[in-house]
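Engineer: Below you'll find upload-v2.txt; it's compact mmCIF, C-alpha atoms (C1' of nucleotides).
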```txt
# COMPACT_ATOMS: atom_id res chain seq x y z
CA MET A 1 9.93 -5.38 -53.32
CA ALA A 2 12.98 -4.35 -55.41
CA THR A 3 15.42 -5.62 -52.82
CA ARG A 4 18.82 -3.93 -52.99
CA THR A 5 21.98 -5.91 -52.92
CA ASP A 6 24.46 -3.12 -53.63
CA ALA A 7 26.21 -1.38 -50.76
CA PRO A 8 24.47 1.66 -49.29
CA THR A 9 25.78 4.96 -50.50
CA ARG A 10 27.38 7.40 -48.09
CA ARG A 11 24.33 9.63 -48.16
CA GLU A 12 22.17 6.70 -47.14
CA GLN A 13 24.50 5.74 -44.32
CA ILE A 14 24.35 9.28 -43.00
CA LEU A 15 20.57 9.46 -43.25
CA LYS A 16 20.17 6.17 -41.44
CA GLU A 17 22.44 7.11 -38.56
CA ALA A 18 21.01 10.61 -38.35
CA ALA A 19 17.52 9.14 -38.10
CA ARG A 20 18.56 6.87 -35.27
CA LEU A 21 20.27 9.66 -33.37
CA PHE A 22 17.47 12.17 -33.91
CA ALA A 23 14.95 9.63 -32.67
CA GLU A 24 17.04 8.83 -29.60
CA ARG A 25 17.93 12.31 -28.43
CA GLY A 26 15.93 14.76 -30.49
CA PHE A 27 17.01 16.95 -33.37
CA HIS A 28 18.57 19.65 -31.21
CA GLY A 29 20.05 17.03 -28.94
CA VAL A 30 22.58 15.63 -31.40
CA GLY A 31 25.50 17.48 -32.90
CA VAL A 32 26.89 17.16 -36.38
CA ASP A 33 30.09 15.72 -34.92
CA GLU A 34 28.14 12.80 -33.51
CA ILE A 35 26.40 12.13 -36.79
CA GLY A 36 29.74 12.22 -38.56
CA ALA A 37 31.33 9.92 -36.00
CA ALA A 38 28.49 7.43 -36.48
CA VAL A 39 29.52 6.96 -40.11
CA GLY A 40 33.26 7.24 -39.53
CA ILE A 41 33.92 10.76 -40.75
CA SER A 42 34.25 14.09 -39.04
CA GLY A 43 31.50 16.62 -38.44
CA PRO A 44 32.21 19.12 -41.20
CA GLY A 45 32.70 16.23 -43.62
CA LEU A 46 28.94 15.89 -43.70
CA TYR A 47 28.70 19.14 -45.60
CA ARG A 48 30.05 17.38 -48.70
CA HIS A 49 26.77 15.45 -48.80
CA PHE A 50 24.17 17.75 -47.27
CA ALA A 51 23.64 21.49 -47.21
CA GLY A 52 23.29 21.38 -43.43
CA LYS A 53 21.70 19.68 -40.49
CA ASP A 54 18.26 20.99 -41.42
CA ALA A 55 18.58 19.44 -44.86
CA MET A 56 19.12 15.99 -43.35
CA LEU A 57 15.98 16.23 -41.24
CA ALA A 58 14.03 17.59 -44.19
CA GLU A 59 15.08 14.74 -46.46
CA LEU A 60 14.21 12.21 -43.78
CA LEU A 61 10.76 13.60 -43.08
CA VAL A 62 9.83 14.20 -46.71
CA GLY A 63 11.04 10.71 -47.51
CA ILE A 64 9.01 9.10 -44.76
CA SER A 65 5.79 10.93 -45.56
CA GLY A 66 6.19 10.33 -49.27
CA GLN A 67 6.96 6.66 -48.83
CA LEU A 68 3.93 6.10 -46.62
CA LEU A 69 1.65 7.94 -49.02
CA THR A 70 3.04 6.26 -52.13
CA GLY A 71 2.73 2.81 -50.59
CA ALA A 72 -0.83 3.47 -49.52
CA ARG A 73 -1.81 4.73 -52.96
CA ARG A 74 -0.29 1.67 -54.57
CA ARG A 75 -2.34 -0.55 -52.28
CA VAL A 76 -5.50 1.35 -53.10
CA ALA A 77 -4.78 0.97 -56.81
CA GLU A 78 -4.01 -2.73 -56.51
CA ALA A 79 -7.19 -3.31 -54.56
CA GLY A 80 -9.29 -2.08 -57.47
CA ASP A 81 -12.92 -2.56 -56.52
CA ALA A 82 -12.20 -5.31 -54.03
CA ALA A 83 -13.95 -5.32 -50.68
CA PRO A 84 -12.99 -2.28 -48.56
CA ASP A 85 -12.47 -4.76 -45.79
CA ALA A 86 -9.47 -6.30 -47.54
CA LEU A 87 -8.19 -2.85 -48.50
CA LEU A 88 -8.19 -1.68 -44.89
CA ASP A 89 -6.26 -4.82 -43.95
CA SER A 90 -3.75 -3.97 -46.64
CA LEU A 91 -3.30 -0.41 -45.38
CA ILE A 92 -2.85 -1.63 -41.83
CA GLU A 93 -0.32 -4.18 -42.95
CA GLY A 94 1.68 -1.59 -44.85
CA HIS A 95 1.76 0.81 -41.93
CA ILE A 96 2.79 -1.92 -39.51
CA ASP A 97 5.59 -3.07 -41.80
CA PHE A 98 6.91 0.45 -41.90
CA ALA A 99 6.56 1.00 -38.16
CA LEU A 100 8.34 -2.26 -37.37
CA ASP A 101 11.14 -1.95 -39.91
CA ASP A 102 11.94 1.72 -39.40
CA ARG A 103 11.17 2.51 -35.80
CA PRO A 104 13.41 5.58 -35.66
CA LEU A 105 11.71 7.05 -38.70
CA ILE A 106 8.22 6.49 -37.33
CA THR A 107 9.33 8.28 -34.19
CA LEU A 108 10.69 11.28 -36.08
CA HIS A 109 7.64 11.43 -38.26
CA ASP A 110 5.33 12.78 -35.56
CA ARG A 111 7.89 14.30 -33.24
CA GLU A 112 10.29 16.59 -35.08
CA LEU A 113 8.02 18.06 -37.71
CA ASP A 114 8.16 21.51 -36.15
CA ARG A 115 11.95 21.73 -36.36
CA LEU A 116 11.67 21.92 -40.14
CA PRO A 117 12.19 25.10 -42.19
CA GLY A 118 8.91 26.55 -43.45
CA GLY A 119 8.73 25.23 -47.00
CA ASP A 120 9.58 21.66 -46.16
CA ARG A 121 7.29 21.68 -43.17
CA LYS A 122 4.40 22.66 -45.36
CA LEU A 123 5.20 19.89 -47.82
CA VAL A 124 5.43 17.23 -45.13
CA ARG A 125 2.18 18.38 -43.57
CA GLN A 126 0.53 18.14 -46.95
CA LEU A 127 1.76 14.59 -47.50
CA GLN A 128 0.69 13.56 -44.02
CA ARG A 129 -2.75 15.07 -44.54
CA GLN A 130 -3.22 13.22 -47.80
CA TYR A 131 -2.21 9.98 -46.13
CA VAL A 132 -4.75 10.52 -43.37
CA GLU A 133 -7.49 11.43 -45.84
CA LEU A 134 -6.81 8.30 -47.82
CA TRP A 135 -7.33 6.20 -44.72
CA VAL A 136 -10.43 8.18 -43.78
CA GLU A 137 -12.02 7.47 -47.15
CA VAL A 138 -11.39 3.75 -46.88
CA VAL A 139 -12.65 3.63 -43.32
CA ARG A 140 -15.82 5.50 -44.20
CA ARG A 141 -16.45 3.19 -47.12
CA LEU A 142 -16.26 0.26 -44.73
CA TYR A 143 -18.13 1.94 -41.86
CA PRO A 144 -20.61 4.39 -43.42
CA ALA A 145 -22.14 4.99 -40.00
CA LEU A 146 -19.00 6.86 -38.94
CA ALA A 147 -19.21 10.63 -39.45
CA GLU A 148 -16.18 12.25 -41.01
CA PRO A 149 -14.78 14.03 -37.92
CA ALA A 150 -15.16 10.84 -35.90
CA ALA A 151 -13.52 8.84 -38.68
CA ARG A 152 -10.56 11.20 -38.74
CA ALA A 153 -10.15 11.03 -34.98
CA THR A 154 -10.38 7.26 -35.16
CA VAL A 155 -7.67 7.08 -37.80
CA HIS A 156 -5.36 9.29 -35.75
CA ALA A 157 -5.94 7.14 -32.70
CA VAL A 158 -5.14 3.97 -34.65
CA PHE A 159 -1.94 5.61 -35.90
CA GLY A 160 -1.05 6.23 -32.28
CA LEU A 161 -1.64 2.57 -31.59
CA LEU A 162 0.41 1.33 -34.53
CA ASN A 163 3.21 3.82 -33.92
CA SER A 164 3.74 2.50 -30.41
CA THR A 165 6.28 0.04 -31.83
CA PRO A 166 9.28 1.93 -30.41
CA HIS A 167 7.97 1.17 -26.91
CA LEU A 168 7.44 -2.52 -27.60
CA GLY A 169 9.79 -5.38 -26.89
CA ARG A 170 11.08 -7.61 -29.66
CA PRO A 171 9.29 -10.90 -29.06
CA GLY A 172 8.93 -12.09 -32.63
CA ARG A 173 8.20 -9.74 -35.47
CA THR A 174 5.28 -11.62 -36.98
CA ALA A 175 3.60 -12.14 -33.62
CA THR A 176 3.85 -8.41 -32.89
CA ALA A 177 2.58 -7.54 -36.35
CA GLU A 178 -0.41 -9.82 -35.97
CA LEU A 179 -1.22 -8.49 -32.52
CA LEU A 180 -1.15 -4.90 -33.69
CA HIS A 181 -3.23 -5.78 -36.72
CA ARG A 182 -5.92 -7.43 -34.62
CA MET A 183 -5.94 -4.52 -32.19
CA ALA A 184 -6.28 -1.97 -34.98
CA ARG A 185 -9.24 -3.83 -36.48
CA GLY A 186 -10.80 -4.16 -33.06
CA ALA A 187 -10.37 -0.45 -32.41
CA PHE A 188 -11.99 0.46 -35.73
CA ALA A 189 -14.89 -1.88 -35.14
CA ALA A 190 -15.42 -0.49 -31.64
CA ALA A 191 -15.28 3.09 -32.89
CA VAL A 192 -18.60 2.77 -34.69
CA GLY A 193 -20.20 1.76 -31.39
CA MET B 194 -11.27 16.28 -6.47
CA ALA B 195 -9.89 18.97 -4.11
CA THR B 196 -10.55 21.76 -6.58
CA ARG B 197 -8.31 24.77 -6.06
CA THR B 198 -9.72 28.22 -5.95
CA ASP B 199 -6.59 30.09 -4.89
CA ALA B 200 -4.36 31.71 -7.49
CA PRO B 201 -1.60 29.57 -8.97
CA THR B 202 1.80 30.14 -7.45
CA ARG B 203 4.66 31.45 -9.55
CA ARG B 204 6.27 28.03 -9.64
CA GLU B 205 3.10 26.54 -11.01
CA GLN B 206 2.79 29.21 -13.67
CA ILE B 207 6.34 28.51 -14.78
CA LEU B 208 5.81 24.77 -14.87
CA LYS B 209 2.65 25.12 -16.90
CA GLU B 210 4.20 27.40 -19.50
CA ALA B 211 7.38 25.35 -19.63
CA ALA B 212 5.33 22.23 -20.27
CA ARG B 213 3.52 23.89 -23.13
CA LEU B 214 6.70 25.19 -24.70
CA PHE B 215 8.62 21.93 -24.25
CA ALA B 216 5.77 20.03 -25.87
CA GLU B 217 5.61 22.46 -28.78
CA ARG B 218 9.26 22.77 -29.65
CA GLY B 219 11.14 20.20 -27.62
CA PHE B 220 13.28 20.64 -24.53
CA HIS B 221 16.37 21.84 -26.37
CA GLY B 222 14.23 23.94 -28.67
CA VAL B 223 13.12 26.50 -26.09
CA GLY B 224 15.33 28.90 -24.22
CA VAL B 225 15.01 30.06 -20.65
CA ASP B 226 14.29 33.57 -21.89
CA GLU B 227 11.18 32.30 -23.67
CA ILE B 228 9.95 30.49 -20.59
CA GLY B 229 10.52 33.59 -18.53
CA ALA B 230 8.74 35.79 -21.06
CA ALA B 231 5.76 33.43 -20.99
CA VAL B 232 5.20 34.24 -17.31
CA GLY B 233 6.20 37.89 -17.51
CA ILE B 234 9.68 37.78 -16.03
CA SER B 235 13.14 37.62 -17.53
CA GLY B 236 15.16 34.49 -18.23
CA PRO B 237 17.54 34.50 -15.28
CA GLY B 238 14.63 35.36 -13.00
CA LEU B 239 13.59 31.72 -13.27
CA TYR B 240 16.60 30.74 -11.21
CA ARG B 241 14.88 32.13 -8.11
CA HIS B 242 12.39 29.28 -8.45
CA PHE B 243 14.29 26.43 -10.06
CA ALA B 244 17.86 25.21 -9.95
CA GLY B 245 17.98 25.18 -13.73
CA LYS B 246 16.24 24.16 -16.90
CA ASP B 247 16.83 20.49 -16.20
CA ALA B 248 15.11 20.83 -12.84
CA MET B 249 11.95 22.12 -14.51
CA LEU B 250 11.78 19.17 -16.86
CA ALA B 251 12.52 16.79 -14.01
CA GLU B 252 9.75 18.16 -11.84
CA LEU B 253 7.32 17.98 -14.74
CA LEU B 254 8.10 14.39 -15.65
CA VAL B 255 8.24 13.11 -12.08
CA GLY B 256 4.97 14.89 -11.40
CA ILE B 257 3.26 13.37 -14.40
CA SER B 258 4.43 9.84 -13.76
CA GLY B 259 3.61 10.08 -10.09
CA GLN B 260 0.19 11.53 -10.71
CA LEU B 261 -0.71 8.80 -13.19
CA LEU B 262 0.50 6.06 -10.88
CA THR B 263 -1.18 7.51 -7.79
CA GLY B 264 -4.48 7.94 -9.59
CA ALA B 265 -4.35 4.39 -10.90
CA ARG B 266 -3.57 2.98 -7.45
CA ARG B 267 -6.45 4.90 -5.95
CA ARG B 268 -8.79 3.44 -8.55
CA VAL B 269 -7.55 -0.06 -7.86
CA ALA B 270 -8.10 0.44 -4.15
CA GLU B 271 -11.56 1.89 -4.63
CA ALA B 272 -12.52 -1.01 -6.86
CA GLY B 273 -11.92 -3.48 -4.06
CA ASP B 274 -12.94 -6.90 -5.34
CA ALA B 275 -15.32 -5.54 -7.95
CA ALA B 276 -15.35 -6.98 -11.45
CA PRO B 277 -12.03 -6.44 -13.25
CA ASP B 278 -14.14 -5.30 -16.14
CA ALA B 279 -15.27 -2.20 -14.24
CA LEU B 280 -11.75 -1.61 -12.96
CA LEU B 281 -10.31 -1.58 -16.45
CA ASP B 282 -12.96 0.93 -17.44
CA SER B 283 -11.92 3.06 -14.51
CA LEU B 284 -8.25 2.95 -15.48
CA ILE B 285 -9.08 3.86 -19.05
CA GLU B 286 -11.25 6.73 -17.91
CA GLY B 287 -8.51 8.09 -15.68
CA HIS B 288 -5.90 7.94 -18.39
CA ILE B 289 -8.20 9.63 -20.90
CA ASP B 290 -9.04 12.42 -18.48
CA PHE B 291 -5.35 13.07 -18.02
CA ALA B 292 -4.58 12.89 -21.73
CA LEU B 293 -7.39 15.28 -22.59
CA ASP B 294 -6.82 17.79 -19.80
CA ASP B 295 -3.04 17.98 -19.96
CA ARG B 296 -2.09 17.35 -23.56
CA PRO B 297 1.30 19.02 -23.29
CA LEU B 298 2.20 16.85 -20.33
CA ILE B 299 1.16 13.64 -22.03
CA THR B 300 3.35 14.64 -24.95
CA LEU B 301 6.37 15.28 -22.77
CA HIS B 302 5.81 12.10 -20.84
CA ASP B 303 6.95 9.78 -23.61
CA ARG B 304 9.07 12.19 -25.61
CA GLU B 305 11.59 14.00 -23.43
CA LEU B 306 12.44 11.31 -20.93
CA ASP B 307 15.95 10.92 -22.26
CA ARG B 308 16.83 14.58 -21.72
CA LEU B 309 16.69 14.00 -17.98
CA PRO B 310 19.72 13.77 -15.68
CA GLY B 311 20.46 10.20 -14.62
CA GLY B 312 18.88 10.03 -11.19
CA ASP B 313 15.59 11.58 -12.18
CA ARG B 314 15.42 9.53 -15.34
CA LYS B 315 15.71 6.36 -13.31
CA LEU B 316 12.94 7.49 -10.98
CA VAL B 317 10.59 8.37 -13.81
CA ARG B 318 11.26 5.10 -15.55
CA GLN B 319 10.47 3.28 -12.35
CA LEU B 320 7.16 5.10 -11.92
CA GLN B 321 6.24 4.46 -15.54
CA ARG B 322 7.10 0.78 -15.21
CA GLN B 323 4.93 0.43 -12.12
CA TYR B 324 2.06 2.12 -13.92
CA VAL B 325 2.38 -0.27 -16.84
CA GLU B 326 2.61 -3.31 -14.57
CA LEU B 327 -0.51 -2.21 -12.73
CA TRP B 328 -2.42 -2.15 -16.02
CA VAL B 329 -0.93 -5.46 -17.07
CA GLU B 330 -2.18 -7.14 -13.91
CA VAL B 331 -5.70 -5.83 -14.39
CA VAL B 332 -5.73 -6.80 -18.04
CA ARG B 333 -4.53 -10.30 -17.30
CA ARG B 334 -7.15 -10.71 -14.61
CA LEU B 335 -9.78 -9.83 -17.17
CA TYR B 336 -8.23 -11.80 -20.05
CA PRO B 337 -6.37 -14.77 -18.54
CA ALA B 338 -5.76 -16.13 -22.01
CA LEU B 339 -3.31 -13.30 -22.68
CA ALA B 340 0.32 -14.22 -21.94
CA GLU B 341 2.31 -11.63 -20.02
CA PRO B 342 4.54 -10.34 -22.84
CA ALA B 343 1.53 -10.01 -25.10
CA ALA B 344 -0.40 -8.26 -22.35
CA ARG B 345 2.44 -5.76 -21.86
CA ALA B 346 2.64 -5.07 -25.57
CA THR B 347 -1.11 -4.64 -25.68
CA VAL B 348 -1.04 -2.13 -22.85
CA HIS B 349 1.71 -0.12 -24.54
CA ALA B 350 -0.26 -0.08 -27.77
CA VAL B 351 -3.39 1.12 -26.00
CA PHE B 352 -1.34 3.89 -24.37
CA GLY B 353 -0.27 4.91 -27.85
CA LEU B 354 -3.91 5.03 -28.84
CA LEU B 355 -5.01 7.07 -25.83
CA ASN B 356 -2.04 9.41 -26.02
CA SER B 357 -2.94 10.41 -29.56
CA THR B 358 -5.04 13.25 -28.12
CA PRO B 359 -2.57 15.97 -29.14
CA HIS B 360 -3.23 15.05 -32.78
CA LEU B 361 -6.99 15.15 -32.40
CA GLY B 362 -9.35 18.04 -33.09
CA ARG B 363 -11.54 19.51 -30.35
CA PRO B 364 -15.03 18.34 -31.36
CA GLY B 365 -16.55 17.94 -27.93
CA ARG B 366 -14.62 16.62 -25.01
CA THR B 367 -17.10 13.98 -23.87
CA ALA B 368 -17.60 12.66 -27.39
CA THR B 369 -13.84 12.29 -27.85
CA ALA B 370 -13.49 10.64 -24.46
CA GLU B 371 -16.21 8.13 -25.24
CA LEU B 372 -14.77 7.36 -28.65
CA LEU B 373 -11.31 6.70 -27.23
CA HIS B 374 -12.80 4.59 -24.45
CA ARG B 375 -14.71 2.40 -26.88
CA MET B 376 -11.65 2.02 -29.10
CA ALA B 377 -9.44 1.03 -26.18
CA ARG B 378 -11.90 -1.63 -25.07
CA GLY B 379 -12.21 -2.88 -28.60
CA ALA B 380 -8.43 -3.06 -28.96
CA PHE B 381 -8.10 -5.05 -25.74
CA ALA B 382 -10.84 -7.44 -26.73
CA ALA B 383 -9.29 -7.97 -30.15
CA ALA B 384 -5.85 -8.56 -28.65
CA VAL B 385 -6.88 -11.89 -27.15
CA GLY B 386 -7.84 -13.06 -30.64
C1' DC C 387 12.68 52.58 11.82
C1' DT C 388 15.63 48.98 10.40
C1' DC C 389 16.89 44.46 8.67
C1' DC C 390 16.69 41.01 5.74
C1' DC C 391 14.38 37.78 2.86
C1' DT C 392 12.06 37.35 -1.42
C1' DT C 393 11.91 38.25 -6.07
C1' DG C 394 13.24 40.73 -9.65
C1' DT C 395 16.62 43.20 -13.02
C1' DT C 396 20.68 43.70 -16.47
C1' DA C 397 25.48 42.57 -17.68
C1' DA C 398 29.00 39.23 -18.11
C1' DT C 399 30.88 34.58 -18.66
C1' DG C 400 31.83 30.45 -20.78
C1' DA C 401 30.69 26.46 -23.20
C1' DG C 402 28.62 24.19 -27.18
C1' DC C 403 27.60 23.99 -31.78
C1' DG C 404 26.55 24.81 -36.83
C1' DT C 405 28.99 26.42 -40.46
C1' DT C 406 32.82 28.03 -43.40
C1' DA C 407 37.78 28.34 -44.78
C1' DA C 408 41.94 26.44 -46.14
C1' DC C 409 44.25 22.65 -47.23
C1' DA C 410 45.33 17.43 -48.67
C1' DC C 411 44.98 13.16 -51.12
C1' DG C 412 43.36 9.62 -54.44
C1' DT C 413 41.50 8.71 -58.82
C1' DA C 414 39.41 8.93 -63.34
C1' DT C 415 39.86 11.68 -67.57
C1' DG C 416 41.74 14.23 -71.26
C1' DC D 417 51.58 13.47 -67.25
C1' DA D 418 48.52 17.01 -65.91
C1' DT D 419 44.10 18.47 -64.34
C1' DA D 420 39.94 18.52 -62.07
C1' DC D 421 36.85 16.56 -58.99
C1' DG D 422 35.16 14.04 -55.12
C1' DT D 423 35.79 13.43 -50.43
C1' DG D 424 38.10 14.04 -46.43
C1' DT D 425 40.78 16.70 -42.70
C1' DT D 426 41.67 20.41 -38.95
C1' DA D 427 41.30 25.26 -37.47
C1' DA D 428 38.67 29.24 -36.89
C1' DC D 429 34.44 32.14 -36.65
C1' DG D 430 30.22 33.65 -34.79
C1' DC D 431 26.09 32.93 -32.59
C1' DT D 432 23.06 30.98 -29.21
C1' DC D 433 22.18 29.94 -24.70
C1' DA D 434 22.37 28.26 -19.80
C1' DT D 435 24.20 29.98 -15.88
C1' DT D 436 26.25 33.29 -12.51
C1' DA D 437 27.36 37.99 -10.63
C1' DA D 438 26.12 42.26 -8.99
C1' DC D 439 22.75 45.11 -7.86
C1' DA D 440 17.74 47.02 -6.66
C1' DA D 441 13.12 47.40 -4.72
C1' DG D 442 9.31 45.94 -1.71
C1' DG D 443 7.43 44.30 2.48
C1' DG D 444 6.97 41.79 6.90
C1' DA D 445 9.31 40.94 11.63
C1' DG D 446 11.54 42.58 15.49
```
I'd like the structure from this file rewritten - as structure tokens, please.

Structural biologist:
Amino acid sequence: MATRTDAPTRREQILKEAARLFAERGFHGVGVDEIGAAVGISGPGLYRHFAGKDAMLAELLVGISGQLLTGARRRVAEAGDAAPDALLDSLIEGHIDFALDDRPLITLHDRELDRLPGGDRKLVRQLQRQYVELWVEVVRRLYPALAEPAARATVHAVFGLLNSTPHLGRPGRTATAELLHRMARGAFAAAVG
Amino acid sequence: MATRTDAPTRREQILKEAARLFAERGFHGVGVDEIGAAVGISGPGLYRHFAGKDAMLAELLVGISGQLLTGARRRVAEAGDAAPDALLDSLIEGHIDFALDDRPLITLHDRELDRLPGGDRKLVRQLQRQYVELWVEVVRRLYPALAEPAARATVHAVFGLLNSTPHLGRPGRTATAELLHRMARGAFAAAVG
DNA sequence: CTCCCTTGTTAATGAGCGTTAACACGTATG
DNA sequence: CATACGTGTTAACGCTCATTAACAAGGGAG
């Protein structure tokens, strides 16, 4: 887990608050002055840490996509040749952890992609695609009856399910996590028909 | 069904194009000139049909929420005292039809609510809440073991699943509809545990 | 024919906002 | 001690954009 005990750096503060604000009111809906105010400095002061507003969004989205993909790959590696059943559980668990711990980021992740400058957008899309394909492979290993287009659609639909966390109440983190996990498995099982 | 054969009115054209553009680039991301250009008139020309940009978004969101709620109520009424099982299928079918036929609208529906002026936002929230509660009642009738908070969370998660249509490919409408339907039922069944 | 309502147009206005410029202050470094 | 750098500040610039003003053309109603 590599838990951090040291204080967050200024850059990290800014990214965190920017993520929250972007998720709440949309990228174009928040001004640099607000982001600055959220961390106790003035608007233009942000430019000591980031090249511009676009750069903040880019770093957030690249970070999210990369973190999801990296975590998933680690889980695949750790699973070795274990049952694909357990591997799918592991992937689901990782995604849920992320969706529950960083709700603003999960919101941004599928909402503000198009506000990104060309190069970064392409990179993020690539990372997202690889993440999806990784899931698709695991799902197809577990459910060989599922054709590839159907498997991809199924994975996207389950992402929609898991990413609904921003709309959920807060009645106990573990209870919510378990509910979502069960529902995801149920949805996969029902997809094969 | 009351299928319309007459040409769409100018207002309707504008609403349709505005919905598409808002869904693609966000409310603040599109200018009135673009909306006007999409229907062949100039930006300020829109003001002959709407009080402003906010009014367009408001009419879209109120329309969506109202349409969903009205359709769901009709289905409940038509079901009479039939099995709640069939009623849930009917609700799912209605939601999927909407999500597949009006993808831009379904995107706006849970994305741009906060860009709405106060009064309209309250109205839309109210309609959405009633829609959710209607589902919750049906679900609890079918699965009495499910406590109310869990049922509400489950319904939200299934909405996330069904609303994933914008991310899906277009491999056959009926096949996609059936897949989503099966997954939704599977998710509900798995939620009770 | 004449009015006037509808539906457009282009030009102007005014606010908001991202970004840059110019300047200030503390602190480690030589 | 002097210097340079990191990190702020406020003021100003320039652009975008929603909205309004002023004006025009077409087509029913009387």

Engineer: Show me, as a list in words, the residues of chain C whose atoms get within 9 Å of chain B, using all atoms listed in the file for the distance check.

Structural biologist: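 Only these qualify: DT392, DT393, DG394 and DT395 of chain C.
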
Engineer: Select residues of chain B: the criterion is any atom within 7 Å of an atom of chain A, counting only C-alpha atoms; output as a list of chain:residue names.

Structural biologist: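 Here they are: B:Arg218, B:His221, B:Gly222, B:Asp307, B:Ala346, B:His349, B:Ala350, B:Val351, B:Gly353, B:Leu354, B:Leu355, B:Ser357, B:His360, B:Leu361, B:Leu372, B:Arg375, B:Met376, B:Ala377, B:Gly379, B:Ala380, B:Phe381, B:Ala383, B:Ala384.
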
Engineer: Record the distance separating atom CA of Leu298 of chain B and atom CA of Ala212 of chain B, expressed in Å with one decimal.

Structural biologist: 6.2 Å

Engineer: Could you jot down the atom CA of Leu309 of chain B to atom CA of Arg125 of chain A separation for me, Å, one decimal place?

Structural biologist: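 We find that atom CA of Leu309 of chain B and atom CA of Arg125 of chain A lie 29.7 Å from each other.
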
Engineer: Please identify every residue of chain D that has at least one atom no more than 10 Å from any atom of chain B, counting all atoms listed in the file, and report them as a ChimeraX atom specification.

Structural biologist: /D:432-436

Engineer: Could you tell me how far atom CA of Asp85 of chain A sits from atom CA of Val124 of chain A, in Å to one decimal place?

Structural biologist: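 Atom CA of Val124 of chain A sits 28.4 Å away from atom CA of Asp85 of chain A.
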